[in-house]
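Worksheet: the structure to be examined is printed underneath.
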Amino acid sequence: NLSVIDIDPTSGGFDHVVANINTGTKNRNDEITADGALLLVTGDNGLNIFSSNPYDLNYNTAIANSSSGTRTHDVGIEGDAGIALVTTEDGNILIIDIYQGSDNFGAVIANQPSGSRGGEIEPSADGVLIYVTDNDLDQIYIYEIGYEGTGSPNESYYSIPTLSLYKTIQLEGKSPQGLVIDAANRKLLVVDEERVDGSGGLLEVYATDKLQVSPDNGIGDIIITVQMMQDYSIFKEAIGNDLNKWMNAALDYYYEGEFKKAI
């Protein structure tokens, strides 16, 4: 079961369980989007997505399930709440579309082997880096998130998120159990189950070595923003396609080294 607890001191129901949701599986971890609209829960049957918006007719009910074919362990939400990243018990990272309004909502849109069996996962605040624990080798894997486009300049352009290994940190302790990034995006904090000598747990703190957003990732972010504006009918689809045609051309010039033309 999943207990929903009121934490609003002014509500009159503060500190009380206001809903009890049966997920039909053993729950392992959960995350809520920054706007409070979605609740994501990992378990034996993949990722369960619930509406946590009190004004939604589906409030506190499941609205999607991302079946992974294996047990899922941890879930992290990329900064703009467009994608969820989920670790699995068989050593993969699933990238799941959680942008409401997307045709792919709730679907696994990419799969990255991690070599870690169900590790902890945490995106950086700027959405550039993804941190994943490896309990077998006592390491932290740092991935950079990028985007690959599909379609042509004359068609609707869709970007698929990708992960590429950026760096590996060898921990001082053993069996990392907790992973968090401070609000300023400057420090990575890892809680190890024990020290190498077996004398109790260990808290390790690392500088995040923040990456700058590369030009191609920046263009990819613009393309995704245009797609979202199309989905919300902020402008006509033809205008969005025209904008993404220019963005796609800029990417082509960038990869050819024609930077002035790309600009």
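Labels used: A, B, ... for chains in the order of the structure tokens, numbers from 1 for residues in each chain, and numbers from 1 for ligands as shown.
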Would you mind listing, for every residue of stretch 88-141 of chain A within 7 Å of stretch 66-82 of chain A, the two atoms forming the shortest contact and the distance between them in Å to one decimal, using only C-alpha atoms, sorted by chain and ascending residue number, as a Markdown table?
| residue | atom | partner | partner_atom | distance |
| --- | --- | --- | --- | --- |
| A:Thr88 | CA | A:Thr72 | CA | 4.2 |
| A:Glu89 | CA | A:Arg71 | CA | 5.4 |
| A:Asp97 | CA | A:Gly82 | CA | 6.3 |
| A:Ile98 | CA | A:Gly82 | CA | 5.4 |
| A:Tyr99 | CA | A:Gly82 | CA | 4.6 |
| A:Gly106 | CA | A:Ser66 | CA | 5.6 |
| A:Ala107 | CA | A:Ser66 | CA | 5.7 |
| A:Val108 | CA | A:Ser66 | CA | 6.5 |
| A:Gly118 | CA | A:His73 | CA | 5.0 |
| A:Gly119 | CA | A:Asp74 | CA | 6.8 |
| A:Glu120 | CA | A:Asp74 | CA | 5.5 |
| A:Ile121 | CA | A:Gly76 | CA | 5.9 |
| A:Glu122 | CA | A:Gly76 | CA | 5.3 |
| A:Pro123 | CA | A:Glu78 | CA | 5.8 |
| A:Ala125 | CA | A:Gly79 | CA | 6.0 |
| A:Asp126 | CA | A:Gly79 | CA | 6.3 |
| A:Gly127 | CA | A:Gly79 | CA | 5.2 |
- Message: Taking the DSSP secondary structure from the backbone, can you list the residues of stretch 66-174 of chain A that are strand (DSSP E), as a PyMOL selection string?
- Response: chain A and resi 66+72-77+83-88+92-97+108-113+121-123+129-134+139-150+158-170+173-174
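The interatomic distance for the pair atom CA of A:Val18 and atom CA of A:Asn45 works out to 25.0 Å.
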- Excluding A:Thr61 and residues on its chain fewer than 4 positions from it, collect all residues at most 9 Å away from it, counting only C-alpha atoms, and give them as a PyMOL selection string. chain A and resi 21+49-52
Generate the output file for the selected residues, C-alpha atoms, as a compact mmCIF listing (two decimals), in the first residue's frame.
# COMPACT_ATOMS: atom_id res chain seq x y z
CA ILE A 21 -3.63 3.33 -2.29
CA ILE A 49 2.18 6.57 -12.22
CA PHE A 50 -0.60 8.07 -10.08
CA SER A 51 -2.39 11.38 -10.30
CA SER A 52 -1.71 13.42 -7.16
- Counting only C-alpha atoms, closest pick from A:Asp252, A:Glu193, A:Asp136, A:Asp103 relative to A:Ile219 is A:Asp252
- List the neighbours of A:Thr225 out to 12 Å using only C-alpha atoms; skip same-chain residues closer than 3 positions along the sequence, and give me the result as a PyMOL selection string. chain A and resi 80+82+99+157-159+218-222+228-232+234+240+243-244+247
- Measure the distance from atom CA of A:Arg28 to atom CA of A:Arg117 in Å and round it to one decimal.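 Distance reported for this atom pair: 13.7 Å.
Closest approach to A:Pro54 from the set A:Val226, A:Ile109, A:Leu38, A:Val190 is made by A:Leu38, with distances taken over only C-alpha atoms.
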- Query: Looking at A:Ser3, A:Gln227, A:Asn58, A:Asn104, which one is nearest to A:Val17, with distances taken over only C-alpha atoms?
  - Reply: A:Ser3
- Taking into account only C-alpha atoms, which residue in the set A:Ala19, A:Ile169, A:Ala250, A:Ala262 is nearest to A:Asn60?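 Smallest separation from A:Asn60 among the options: A:Ala19.
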- What is the distance, in Å and to one decimal place, between atom CA of A:Tyr147 and atom CA of A:Asp216? 8.2 Å
- Leaving out A:Ile145 and any residue of its chain fewer than 2 positions from it, which residues lie within 6 Å of it when counting only C-alpha atoms, given as an NGL selection string? :A and (128 or 162-163)
Those same residues, written as a short mmCIF file (atom, residue, chain, number, x, y, z; two decimals), in the first residue's frame with all heavy atoms?
data_model
loop_
_atom_site.label_atom_id
_atom_site.label_comp_id
_atom_site.auth_asym_id
_atom_site.auth_seq_id
_atom_site.Cartn_x
_atom_site.Cartn_y
_atom_site.Cartn_z
N VAL A 128 21.43 18.21 -16.23
CA VAL A 128 22.54 17.90 -17.13
C VAL A 128 23.16 16.54 -16.81
O VAL A 128 23.52 15.77 -17.69
CB VAL A 128 23.62 19.00 -17.07
CG1 VAL A 128 24.84 18.61 -17.87
CG2 VAL A 128 23.05 20.32 -17.58
N THR A 162 19.13 10.52 -24.32
CA THR A 162 20.19 9.51 -24.28
C THR A 162 21.07 9.76 -23.05
O THR A 162 21.13 10.88 -22.54
CB THR A 162 21.07 9.57 -25.54
OG1 THR A 162 21.70 10.85 -25.61
CG2 THR A 162 20.25 9.33 -26.79
N LEU A 163 21.75 8.72 -22.59
CA LEU A 163 22.70 8.84 -21.48
C LEU A 163 24.06 8.37 -21.95
O LEU A 163 24.18 7.32 -22.58
CB LEU A 163 22.24 8.00 -20.28
CG LEU A 163 20.92 8.37 -19.62
CD1 LEU A 163 20.63 7.41 -18.46
CD2 LEU A 163 20.94 9.80 -19.11
#
